[in-house]
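K.L.:
Sharing coords08.cif below, mmCIF, C-alpha atoms:
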```
data_coords
loop_
_atom_site.label_atom_id
_atom_site.label_comp_id
_atom_site.auth_asym_id
_atom_site.auth_seq_id
_atom_site.Cartn_x
_atom_site.Cartn_y
_atom_site.Cartn_z
CA MET A 1028 156.49 67.00 114.64
CA GLU A 1029 159.54 66.62 112.45
CA SER A 1030 158.68 69.71 110.44
CA LEU A 1031 158.14 71.64 113.66
CA ASN A 1032 161.68 70.68 114.64
CA VAL A 1033 162.99 72.17 111.45
CA PHE A 1034 161.19 75.46 111.57
CA ALA A 1035 161.06 76.29 115.27
CA ALA A 1036 164.63 75.44 116.21
CA ARG A 1037 165.40 79.11 116.76
CA LEU A 1038 163.04 79.15 119.75
CA TRP A 1039 165.38 76.87 121.66
CA PRO A 1040 166.88 78.54 124.77
CA THR A 1041 170.51 79.50 124.27
CA GLU A 1042 171.34 79.00 127.93
CA ASN A 1043 173.92 76.23 128.26
CA ARG A 1044 174.35 74.50 131.62
CA PHE A 1045 176.40 71.60 130.29
CA VAL A 1046 179.28 73.39 128.64
CA SER A 1047 181.40 72.50 125.62
CA GLY A 1048 184.65 70.78 126.46
CA HIS A 1049 183.09 67.67 127.99
CA ARG A 1050 184.79 64.43 126.94
CA ALA A 1051 181.91 62.57 125.30
CA CYS A 1052 182.59 60.55 122.16
CA GLN A 1053 181.86 62.03 118.77
CA GLY A 1054 178.13 62.21 118.15
CA CYS A 1055 177.08 61.26 121.69
CA GLY A 1056 173.28 61.28 121.88
CA GLU A 1057 173.37 61.15 125.65
CA ALA A 1058 175.50 64.29 126.02
CA LEU A 1059 173.08 65.99 123.66
CA ALA A 1060 170.13 64.88 125.77
CA VAL A 1061 171.79 66.15 128.96
CA ARG A 1062 172.53 69.50 127.33
CA MET A 1063 168.94 69.83 126.10
CA VAL A 1064 167.41 68.90 129.46
CA HIS A 1065 169.54 71.38 131.38
CA SER A 1066 169.09 74.24 128.96
CA ILE A 1067 165.35 73.80 129.63
CA LEU A 1068 165.65 73.40 133.41
CA GLY A 1069 167.88 76.48 133.77
CA ARG A 1070 170.00 77.54 136.68
CA ASN A 1071 167.80 76.74 139.70
CA THR A 1072 168.66 73.07 139.50
CA MET A 1073 170.64 70.63 141.62
CA VAL A 1074 171.82 67.36 140.14
CA ALA A 1075 172.80 64.05 141.71
CA SER A 1076 174.39 61.80 139.15
CA ALA A 1077 175.01 58.08 139.33
CA THR A 1078 178.21 56.58 138.01
CA GLY A 1079 178.21 56.18 134.27
CA CYS A 1080 179.19 57.84 131.05
CA MET A 1081 177.74 61.20 132.01
CA GLU A 1082 179.80 61.23 135.20
CA ILE A 1083 183.16 60.38 133.65
CA ILE A 1084 182.82 62.63 130.63
CA SER A 1085 181.63 65.68 132.54
CA SER A 1086 183.83 65.62 135.62
CA SER A 1087 187.35 64.53 134.89
CA TYR A 1088 189.17 66.22 137.75
CA PRO A 1089 189.89 69.17 138.01
CA ASP A 1090 187.34 70.12 135.38
CA THR A 1091 183.58 70.02 135.39
CA ALA A 1092 181.25 70.54 132.47
CA TRP A 1093 178.42 71.50 134.81
CA SER A 1094 177.46 75.02 135.67
CA VAL A 1095 174.77 73.93 138.11
CA PRO A 1096 175.46 72.29 141.49
CA TRP A 1097 176.25 68.67 140.75
CA ILE A 1098 177.26 65.74 142.89
CA HIS A 1099 178.54 62.38 141.82
CA VAL A 1100 177.30 59.52 143.96
CA ALA A 1101 177.65 55.75 143.82
CA PHE A 1102 176.04 53.64 141.15
CA GLU A 1103 173.03 52.59 143.17
CA ASN A 1104 171.92 55.63 145.11
CA ALA A 1105 171.44 58.61 142.77
CA ALA A 1106 167.71 58.64 143.49
CA ALA A 1107 168.31 58.32 147.25
CA VAL A 1108 170.77 61.24 147.27
CA ALA A 1109 168.46 63.38 145.14
CA SER A 1110 165.60 62.70 147.55
CA GLY A 1111 167.92 63.64 150.43
CA ILE A 1112 168.81 66.92 148.71
CA GLU A 1113 165.12 67.63 148.24
CA SER A 1114 164.37 66.99 151.91
CA GLY A 1115 167.34 69.14 152.94
CA LEU A 1116 166.17 72.03 150.78
CA ASP A 1117 162.72 71.64 152.27
CA ILE A 1118 164.04 71.99 155.83
CA LEU A 1119 166.29 74.95 154.92
CA ALA A 1120 163.33 76.67 153.24
CA LYS A 1121 161.19 76.11 156.37
CA LYS A 1122 163.95 77.66 158.51
CA GLY A 1123 164.03 80.64 156.16
CA ARG A 1124 167.64 80.07 155.13
CA LEU A 1125 166.91 79.80 151.43
CA PRO A 1126 165.54 82.45 149.12
CA LYS A 1127 161.96 81.76 148.10
CA ARG A 1128 162.27 80.12 144.75
CA ARG A 1129 161.60 76.72 143.36
CA ILE A 1130 164.73 74.59 143.06
CA THR A 1131 164.42 71.58 140.81
CA VAL A 1132 166.22 68.52 142.15
CA VAL A 1133 167.32 66.09 139.48
CA GLY A 1134 168.59 62.57 139.94
CA MET A 1135 170.17 61.11 136.85
CA GLY A 1136 171.60 57.80 135.82
CA GLY A 1137 172.18 55.63 132.85
CA ASP A 1138 170.16 52.54 132.11
CA GLY A 1139 172.49 50.44 134.29
CA GLY A 1140 172.21 52.90 137.16
CA THR A 1141 168.44 52.92 136.80
CA ALA A 1142 167.16 49.58 135.55
CA ASP A 1143 169.72 47.29 137.21
CA ILE A 1144 171.70 48.72 140.07
CA GLY A 1145 169.71 51.77 141.11
CA ILE A 1146 166.17 50.43 140.84
CA GLN A 1147 165.81 49.94 144.59
CA ALA A 1148 166.75 53.55 145.39
CA LEU A 1149 164.59 54.75 142.51
CA SER A 1150 161.61 52.78 143.72
CA GLY A 1151 162.12 54.13 147.24
CA ALA A 1152 162.35 57.74 146.10
CA MET A 1153 159.25 57.40 143.93
CA GLU A 1154 157.29 55.72 146.70
CA ARG A 1155 158.21 58.37 149.31
CA GLY A 1156 156.86 61.06 147.02
CA HIS A 1157 159.79 63.49 146.94
CA ASP A 1158 159.37 66.51 144.72
CA MET A 1159 162.12 65.61 142.28
CA ILE A 1160 162.79 64.48 138.74
CA TYR A 1161 164.59 61.27 138.03
CA ILE A 1162 166.02 61.06 134.53
CA CYS A 1163 167.27 57.84 133.00
CA TYR A 1164 169.50 58.27 129.96
CA ASP A 1165 169.01 54.94 128.25
CA ASN A 1166 171.76 53.90 125.85
CA GLU A 1167 170.94 50.23 126.27
CA ALA A 1168 174.15 48.86 127.83
CA TYR A 1169 176.98 49.75 130.22
CA MET A 1170 178.83 51.87 127.67
CA ASN A 1171 181.21 53.50 130.15
CA THR A 1172 182.94 50.25 131.13
CA GLY A 1173 183.03 48.78 127.62
CA ILE A 1174 179.56 47.83 126.38
CA GLN A 1175 178.38 45.16 128.81
CA ARG A 1176 174.77 44.07 128.66
CA SER A 1177 172.24 45.55 131.04
CA SER A 1178 168.61 44.62 131.59
CA SER A 1179 167.79 47.47 129.22
CA THR A 1180 169.68 45.93 126.29
CA PRO A 1181 167.24 44.92 123.55
CA MET A 1182 166.83 41.41 122.19
CA GLY A 1183 169.46 40.45 119.63
CA ALA A 1184 172.01 43.14 120.45
CA SER A 1185 175.60 41.98 120.55
CA THR A 1186 177.54 43.34 123.53
CA THR A 1187 180.84 42.24 125.07
CA THR A 1188 179.06 40.11 127.67
CA SER A 1189 176.36 38.85 125.32
CA PRO A 1190 178.44 38.35 122.18
CA ALA A 1191 176.85 37.09 118.99
CA GLY A 1192 178.27 33.93 117.51
CA SER A 1193 177.32 30.62 115.94
CA LEU A 1194 175.37 29.56 119.04
CA SER A 1195 174.02 32.92 120.19
CA ILE A 1196 172.12 35.84 118.69
CA GLY A 1197 173.51 38.20 121.30
CA GLN A 1198 171.23 39.43 124.05
CA GLN A 1199 168.54 36.80 124.64
CA THR A 1200 166.10 38.65 126.87
CA TRP A 1201 163.68 41.48 126.15
CA LYS A 1202 164.21 44.99 127.34
CA LYS A 1203 162.97 45.85 130.83
CA ASN A 1204 160.14 48.37 130.72
CA VAL A 1205 161.27 50.78 133.42
CA PRO A 1206 158.81 53.65 132.64
CA LEU A 1207 155.85 51.35 133.32
CA ILE A 1208 157.51 50.00 136.48
CA VAL A 1209 157.81 53.58 137.73
CA ALA A 1210 154.26 54.35 136.60
CA ALA A 1211 153.12 51.51 138.85
CA HIS A 1212 154.28 53.66 141.80
CA ASP A 1213 151.42 56.00 140.90
CA VAL A 1214 153.65 59.06 140.46
CA PRO A 1215 152.27 62.29 138.94
CA TYR A 1216 154.41 62.28 135.81
CA VAL A 1217 156.21 59.61 133.77
CA ALA A 1218 157.38 60.14 130.21
CA THR A 1219 159.70 58.74 127.60
CA ALA A 1220 161.62 61.24 125.48
CA ASN A 1221 164.18 61.32 122.74
CA PRO A 1222 166.66 64.06 121.76
CA SER A 1223 165.72 63.49 118.11
CA PHE A 1224 162.38 65.15 118.98
CA PRO A 1225 163.68 68.19 120.88
CA PHE A 1226 160.41 70.07 121.33
CA ASP A 1227 158.62 67.00 122.57
CA LEU A 1228 161.52 66.53 125.01
CA ALA A 1229 161.41 70.18 126.10
CA GLU A 1230 157.70 70.01 126.84
CA LYS A 1231 158.13 66.84 128.86
CA VAL A 1232 161.01 68.30 130.87
CA ARG A 1233 158.92 71.39 131.66
CA LYS A 1234 155.98 69.23 132.73
CA ALA A 1235 158.23 67.05 134.87
CA ALA A 1236 159.71 70.13 136.57
CA ALA A 1237 156.24 71.57 137.17
CA ALA A 1238 154.81 68.35 138.61
CA ARG A 1239 154.35 68.43 142.39
CA GLY A 1240 155.84 65.14 143.42
CA PRO A 1241 158.17 62.66 141.79
CA ALA A 1242 158.53 62.71 138.02
CA TYR A 1243 160.37 60.22 135.88
CA LEU A 1244 161.81 60.75 132.42
CA HIS A 1245 163.21 57.94 130.33
CA ILE A 1246 165.37 59.44 127.59
CA PHE A 1247 166.37 57.18 124.75
CA SER A 1248 169.85 58.33 123.73
CA ALA A 1249 171.91 56.90 120.92
CA CYS A 1250 175.48 55.74 121.58
CA PRO A 1251 177.44 55.52 118.30
CA THR A 1252 180.39 53.80 120.00
CA GLY A 1253 178.41 51.07 121.71
CA TRP A 1254 175.90 50.58 118.94
CA ARG A 1255 178.71 50.35 116.39
CA MET A 1256 177.41 52.94 113.98
CA ALA A 1257 178.56 56.13 112.31
CA PRO A 1258 178.47 59.10 114.72
CA GLU A 1259 176.49 61.32 112.35
CA LEU A 1260 173.55 58.89 112.52
CA ALA A 1261 172.90 59.48 116.23
CA ILE A 1262 169.90 61.76 115.64
CA ALA A 1263 168.53 59.86 112.65
CA ILE A 1264 168.60 56.56 114.52
CA GLY A 1265 166.62 58.05 117.40
CA ARG A 1266 163.98 59.18 114.94
CA LYS A 1267 163.94 55.71 113.40
CA ALA A 1268 163.56 54.14 116.84
CA VAL A 1269 160.35 56.13 117.34
CA ARG A 1270 159.01 55.50 113.85
CA THR A 1271 159.62 51.75 114.00
CA GLY A 1272 158.01 51.50 117.44
CA VAL A 1273 161.16 50.40 119.26
CA ALA A 1274 161.14 53.41 121.59
CA PRO A 1275 157.66 54.96 121.47
CA LEU A 1276 157.23 58.44 122.92
CA TYR A 1277 154.46 58.70 125.48
CA GLU A 1278 153.66 60.36 128.77
CA ILE A 1279 151.66 59.19 131.73
CA VAL A 1280 150.05 62.08 133.60
CA ASP A 1281 148.33 61.06 136.84
CA GLY A 1282 148.06 57.52 135.56
CA ARG A 1283 146.64 58.34 132.13
CA LEU A 1284 148.74 57.41 129.15
CA ARG A 1285 149.03 59.54 126.02
CA ILE A 1286 151.23 58.78 123.02
CA THR A 1287 152.82 62.13 122.15
CA VAL A 1288 154.30 61.14 118.79
CA PRO A 1289 151.77 58.72 117.35
CA THR A 1290 152.97 56.31 114.66
CA PRO A 1291 149.90 54.56 113.23
CA GLU A 1292 151.97 52.87 110.51
CA LEU A 1293 155.13 51.41 111.98
CA GLN A 1294 158.10 51.51 109.62
CA PRO A 1295 159.95 48.25 108.93
CA LEU A 1296 162.30 47.38 111.77
CA ARG A 1297 165.11 46.68 109.32
CA ASP A 1298 165.59 50.45 108.80
CA TYR A 1299 166.43 50.79 112.47
CA LEU A 1300 168.60 47.67 112.79
CA LYS A 1301 170.61 48.00 109.61
CA PRO A 1302 172.90 50.98 110.41
CA GLN A 1303 173.85 49.45 113.76
CA GLY A 1304 176.73 47.01 113.97
CA ARG A 1305 175.38 45.46 117.16
CA PHE A 1306 172.50 43.95 115.13
CA ARG A 1307 174.57 43.08 112.07
CA HIS A 1308 174.49 39.31 112.69
CA LEU A 1309 170.68 38.99 112.89
CA ASP A 1310 169.04 36.75 110.29
CA GLU A 1311 165.64 37.26 108.66
CA LYS A 1312 163.82 34.95 111.06
CA THR A 1313 165.08 36.71 114.19
CA ILE A 1314 164.34 40.15 112.74
CA ALA A 1315 160.77 39.04 111.93
CA GLU A 1316 160.40 37.72 115.48
CA ILE A 1317 161.64 40.98 117.02
CA GLU A 1318 159.46 43.02 114.66
CA LYS A 1319 156.39 41.03 115.70
CA ARG A 1320 157.09 41.61 119.38
CA VAL A 1321 157.80 45.34 118.84
CA ALA A 1322 154.50 45.74 116.97
CA GLU A 1323 152.67 43.81 119.70
CA GLU A 1324 154.12 46.05 122.40
CA TYR A 1325 153.17 49.14 120.44
CA ARG A 1326 149.56 47.95 119.98
CA LYS A 1327 149.41 47.24 123.69
CA LEU A 1328 150.51 50.82 124.32
CA GLU A 1329 147.89 52.15 121.91
CA ASN A 1330 145.19 50.15 123.69
CA ARG A 1331 146.25 51.67 126.99
CA GLU A 1332 146.02 55.21 125.62
CA GLY A 1333 143.62 57.43 127.52
CA ARG A 1334 142.88 54.76 130.07
CA LYS A 1335 144.08 54.53 133.64
CA ILE A 1336 147.27 52.43 133.77
CA MET B 933 187.40 82.89 135.96
CA ARG B 934 190.23 80.98 137.60
CA ARG B 935 191.07 77.45 136.69
CA GLN B 936 192.53 75.17 139.30
CA SER B 937 196.11 74.38 138.38
CA ALA B 938 196.56 71.02 136.69
CA LYS B 939 198.28 69.45 139.68
CA PRO B 940 197.29 71.33 142.84
CA LYS B 941 198.95 70.52 146.17
CA TRP B 942 196.70 68.86 148.73
CA THR B 943 196.58 72.09 150.70
CA GLU B 944 195.06 73.85 147.70
CA LEU B 945 192.21 71.38 147.27
CA ALA B 946 188.73 72.33 148.38
CA VAL B 947 187.08 70.24 151.09
CA GLY B 948 186.03 66.91 149.61
CA SER B 949 187.94 67.76 146.44
CA ALA B 950 184.94 69.75 145.31
CA ILE B 951 185.42 71.71 142.11
CA ASP B 952 184.61 75.36 142.80
CA VAL B 953 184.81 76.64 139.21
CA PRO B 954 181.55 75.96 137.38
CA GLY B 955 181.87 74.87 133.77
CA SER B 956 185.67 74.71 133.88
CA ALA B 957 185.64 72.00 131.18
CA ARG B 958 185.49 74.81 128.66
CA TYR B 959 189.22 75.29 129.24
CA TYR B 960 189.76 71.85 127.78
CA LYS B 961 189.67 72.16 124.02
CA THR B 962 188.27 69.03 122.45
CA GLY B 963 188.77 70.40 118.95
CA ASP B 964 191.96 68.42 118.39
CA TRP B 965 189.97 65.16 118.42
CA ARG B 966 188.58 66.12 115.05
CA SER B 967 189.61 64.63 111.72
CA SER B 968 187.31 66.76 109.58
CA ARG B 969 185.50 70.01 110.22
CA PRO B 970 182.10 71.28 109.07
CA VAL B 971 181.98 74.25 106.71
CA TRP B 972 178.77 76.24 106.14
CA ASN B 973 177.82 77.63 102.76
CA SER B 974 175.95 80.80 103.71
CA GLU B 975 174.45 81.10 100.23
CA HIS B 976 172.30 78.01 100.79
CA CYS B 977 171.88 78.27 104.57
CA ILE B 978 168.32 79.18 105.59
CA ARG B 979 169.32 79.84 109.22
CA CYS B 980 166.80 77.30 110.52
CA GLY B 981 168.99 76.38 113.49
CA VAL B 982 168.75 72.60 113.20
CA CYS B 983 172.55 72.30 113.41
CA VAL B 984 172.54 74.54 116.50
CA ILE B 985 169.97 72.44 118.30
CA PHE B 986 171.43 69.01 117.47
CA CYS B 987 175.13 69.66 118.17
CA PRO B 988 176.10 67.36 121.08
CA GLU B 989 178.97 69.69 122.00
CA GLY B 990 176.83 72.80 121.96
CA CYS B 991 179.55 74.37 119.85
CA VAL B 992 177.44 75.36 116.82
CA LEU B 993 176.07 78.81 117.55
CA PHE B 994 174.47 81.66 115.65
CA GLN B 995 177.20 84.17 114.86
CA PRO B 996 176.70 87.95 114.89
CA ASP B 997 176.10 87.84 111.12
CA GLY B 998 173.02 85.66 111.71
CA TYR B 999 174.44 82.45 110.27
CA PRO B 1000 175.43 79.43 112.35
CA ASN B 1001 179.02 78.34 112.60
CA ALA B 1002 180.97 75.85 114.72
CA ASP B 1003 183.40 76.83 117.44
CA LEU B 1004 186.37 74.81 116.21
CA ASP B 1005 187.93 74.83 119.68
CA TYR B 1006 185.33 72.24 120.69
CA CYS B 1007 183.94 70.69 117.49
CA LYS B 1008 184.75 66.94 117.50
CA GLY B 1009 183.75 66.53 113.86
CA CYS B 1010 180.90 64.05 114.42
CA GLY B 1011 179.02 65.25 111.33
CA ILE B 1012 175.55 65.38 112.92
CA CYS B 1013 175.08 68.95 111.64
CA LEU B 1014 175.86 67.80 108.10
CA HIS B 1015 173.55 64.79 108.33
CA GLU B 1016 170.61 66.74 109.80
CA CYS B 1017 170.89 69.90 107.68
CA PRO B 1018 167.68 70.18 105.61
CA THR B 1019 169.31 72.19 102.81
CA GLY B 1020 172.61 70.32 102.60
CA CYS B 1021 174.62 73.52 102.92
CA ILE B 1022 177.21 71.97 105.24
CA ARG B 1023 180.14 69.91 104.01
CA MET B 1024 182.96 68.25 105.89
CA VAL B 1025 186.49 69.32 105.06
CA GLU B 1026 189.31 67.05 106.10
CA GLU B 1027 191.83 68.55 108.51
CA GLU B 1028 195.10 68.54 106.64
CA ASP B 1029 197.66 68.71 109.44
#
```
Transcribe the structure of this file into structure tokens.

P.N.:
Amino acid sequence: MESLNVFAARLWPTENRFVSGHRACQGCGEALAVRMVHSILGRNTMVASATGCMEIISSSYPDTAWSVPWIHVAFENAAAVASGIESGLDILAKKGRLPKRRITVVGMGGDGGTADIGIQALSGAMERGHDMIYICYDNEAYMNTGIQRSSSTPMGASTTTSPAGSLSIGQQTWKKNVPLIVAAHDVPYVATANPSFPFDLAEKVRKAAAARGPAYLHIFSACPTGWRMAPELAIAIGRKAVRTGVAPLYEIVDGRLRITVPTPELQPLRDYLKPQGRFRHLDEKTIAEIEKRVAEEYRKLENREGRKI
Amino acid sequence: MRRQSAKPKWTELAVGSAIDVPGSARYYKTGDWRSSRPVWNSEHCIRCGVCVIFCPEGCVLFQPDGYPNADLDYCKGCGICLHECPTGCIRMVEEED
């Protein structure tokens, strides 16, 4: 897969729906993921975006980085608004007031807007079966407001509200598994993606757009500012996250799980933790503990492969 | 394409303060955030496009001569292109002024 990335990069569409001039930090993996997703989805797209980094960097008034229709909504209801847009388009199409073409409705949010605050609206939209995509850009904390922990923050990460110190290792709970929560709604398409594997991501975005019914994408996106690492490592760290089993890439089509980038031999977790300042304080014992759990989770995923979830 | 003036009067605002110019952020040049800029060595470049695909700004593009180069109006100098380049033909040059 990595070699395919190197040699087929020229096949990437040049269409850019998330233009240069947005205010993301240097080396923002999330801005990269948004750009990739929307160059695949193209112009017949409508986006409802929850509050978060992607809202503040792309729409500082009077500018917008979007060249598709985009609406900013409150933190908790991006999925609800996207489902409303989908229903509205449906009615307008029935009345013959829209040209006959497929319009992809996208709801997007960060991990806070998906796993914590927006999970009720997300669950509702998935359960009602709207023909939409919900995309979660997971950078593992509330980066926009200054790196507060979310339920998506991994064990051991130091954030401003779960600081590491002599009595604490940082975040003390495990990461919430949102893709499997959404898969439990029995939706046609659920996938995890990563901008470090662009062709895997592109295929998943196309499948999600083609699915009739709700689709969910969970995109692991590096945040150099919040993870306290050098900005040029944003892509490399995403690759490491897949290879160490921290953020495995899989898709669940009609309830059947398939690992799209298999990693039979997990790399040592230290390679992933070491460049990141948020894990700097971890001692050997804690790293071994986390590594054991990560490997366990990955084996569980492998056992589920091909079977109905 | 018209950009809304920096401080429009309330009578000039669209209903709901909607922004009616798509992609107007491209008028905001983020290039001055940069402390060093990437420079391509076209002798070693194999034109694979990895830098084009991984640029978070979308500012590295294939130029008419077939080689990629960064639009320095927007490049924030993150160095991802340099780190991901398989041939190592990119180097970062510090901005002097």

K.L.:
Taking the file as shown, what set of residues would the PyMOL selection byres ((chain B) within 10 of (chain A)) give back, as number ranges by chain?

P.N.:
B: 935-940, 945, 949-963, 965-966, 979-991, 993-994, 1003, 1005-1018

K.L.:
I'd like the contact shell of Arg1255 (chain A) - 7 Å cut-off, all atoms listed in the file, skipping same-chain residues fewer than 6 positions apart - returned as a ChimeraX atom specification.

P.N.:
/A:1303-1305

K.L.:
For this file, the PyMOL selection byres ((chain A and resi 1299) around 8) selects which residues, as a list in words?

P.N.:
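On this input, the PyMOL selection byres ((chain A and resi 1299) around 8) captures Ile1264, Lys1267, Ala1268, Thr1271, Pro1295, Leu1296, Arg1297, Asp1298, Leu1300, Lys1301, Pro1302 and Gln1303 of chain A.
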
K.L.:
What does the distance between CA of Gly1272 (chain A) and CA of Asp1143 (chain A) come to in Å, to one decimal place?

P.N.:
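Separation of CA of Gly1272 (chain A) and CA of Asp1143 (chain A): 23.4 Å.
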
K.L.:
Could you jot down the CA of Asn1204 (chain A) to CA of Gly1111 (chain A) separation for me, Å, one decimal place?

P.N.:
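Separating CA of Asn1204 (chain A) from CA of Gly1111 (chain A) is a distance of 26.1 Å.
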
K.L.:
Might you pull out every residue within 7 Å of Trp1201 (chain A), with all atoms listed in the file counted and same-chain residues fewer than 2 positions away left off, and present them as a PyMOL selection string?

P.N.:
chain A and resi 1181-1182+1199+1203

K.L.:
So, counting all atoms listed in the file, which residue among A:Asp1310, A:Gln1294, A:Ser1177, A:Ala1238 is closest to Arg1129 (chain A)?

P.N.:
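Closest candidate: A:Ala1238.
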
K.L.:
Which residue, B:Arg969, B:His976, B:Val992, B:Leu1004, has the smallest gap to Glu1026 (chain B) when you use only C-alpha atoms?

P.N.:
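The answer is B:Arg969, which sits nearest to Glu1026 (chain B).
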
K.L.:
Quick one: residues within 7 Å of Glu1027 (chain B), all atoms listed in the file, excluding same-chain residues fewer than 2 positions away - as JSON, numbers by chain?

P.N.:
{"B": [967, 968, 969, 1025, 1029]}

K.L.:
Could you tell me which residues the PyMOL selection byres ((chain A and resi 1276) around 9) returns for this structure, as a ChimeraX atom specification?

P.N.:
/A:1218-1221,1227,1269,1272,1274-1275,1277-1278,1285-1289

K.L.:
Write a file for region 938-960 of chain B, containing N, CA and C atoms (output as a CSV table (one decimal), in the first residue's frame).

P.N.:
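What follows is the written file out-v4.csv:
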```
chain,number,residue,atom,x,y,z
B,938,ALA,N,-13.3,44.3,4.0
B,938,ALA,CA,-12.9,43.7,5.3
B,938,ALA,C,-13.9,44.1,6.4
B,939,LYS,N,-14.4,45.3,6.4
B,939,LYS,CA,-15.4,45.7,7.4
B,939,LYS,C,-16.7,46.2,6.7
B,940,PRO,N,-17.6,45.3,6.2
B,940,PRO,CA,-18.8,45.8,5.5
B,940,PRO,C,-19.8,46.4,6.5
B,941,LYS,N,-20.6,47.4,6.0
B,941,LYS,CA,-21.7,47.9,6.8
B,941,LYS,C,-22.7,46.8,7.0
B,942,TRP,N,-23.6,47.0,8.0
B,942,TRP,CA,-24.6,45.9,8.2
B,942,TRP,C,-25.6,45.8,7.0
B,943,THR,N,-25.7,47.0,6.3
B,943,THR,CA,-26.6,46.9,5.1
B,943,THR,C,-26.0,46.1,4.0
B,944,GLU,N,-24.7,45.9,4.0
B,944,GLU,CA,-24.0,45.2,2.9
B,944,GLU,C,-24.0,43.7,3.2
B,945,LEU,N,-24.3,43.3,4.4
B,945,LEU,CA,-24.2,41.9,4.7
B,945,LEU,C,-25.3,41.1,4.1
B,946,ALA,N,-25.0,39.8,3.7
B,946,ALA,CA,-26.0,39.0,3.2
B,946,ALA,C,-26.9,38.5,4.3
B,947,VAL,N,-28.1,38.0,4.0
B,947,VAL,CA,-29.0,37.5,5.0
B,947,VAL,C,-28.3,36.4,5.8
B,948,GLY,N,-28.4,36.5,7.2
B,948,GLY,CA,-27.8,35.5,8.0
B,948,GLY,C,-26.2,35.6,8.0
B,949,SER,N,-25.7,36.7,7.5
B,949,SER,CA,-24.3,36.9,7.4
B,949,SER,C,-23.6,35.7,6.6
B,950,ALA,N,-24.4,35.2,5.6
B,950,ALA,CA,-23.8,34.2,4.8
B,950,ALA,C,-22.7,34.7,3.9
B,951,ILE,N,-21.7,33.9,3.6
B,951,ILE,CA,-20.6,34.4,2.7
B,951,ILE,C,-21.0,33.9,1.3
B,952,ASP,N,-21.1,34.9,0.4
B,952,ASP,CA,-21.5,34.5,-0.9
B,952,ASP,C,-20.4,34.3,-1.9
B,953,VAL,N,-19.1,34.4,-1.5
B,953,VAL,CA,-18.0,34.2,-2.4
B,953,VAL,C,-17.4,32.9,-2.0
B,954,PRO,N,-17.5,31.8,-2.8
B,954,PRO,CA,-16.9,30.5,-2.5
B,954,PRO,C,-15.4,30.6,-2.5
B,955,GLY,N,-14.8,30.0,-1.6
B,955,GLY,CA,-13.3,29.9,-1.5
B,955,GLY,C,-12.6,31.2,-1.4
B,956,SER,N,-13.2,32.2,-0.7
B,956,SER,CA,-12.6,33.5,-0.6
B,956,SER,C,-11.4,33.5,0.3
B,957,ALA,N,-11.1,32.4,1.0
B,957,ALA,CA,-9.9,32.4,1.9
B,957,ALA,C,-8.7,32.4,1.0
B,958,ARG,N,-8.8,32.2,-0.3
B,958,ARG,CA,-7.5,32.3,-1.1
B,958,ARG,C,-7.0,33.7,-1.2
B,959,TYR,N,-7.8,34.7,-0.8
B,959,TYR,CA,-7.3,36.0,-0.8
B,959,TYR,C,-6.5,36.3,0.5
B,960,TYR,N,-6.5,35.4,1.4
B,960,TYR,CA,-5.7,35.5,2.6
B,960,TYR,C,-4.4,34.8,2.4
```
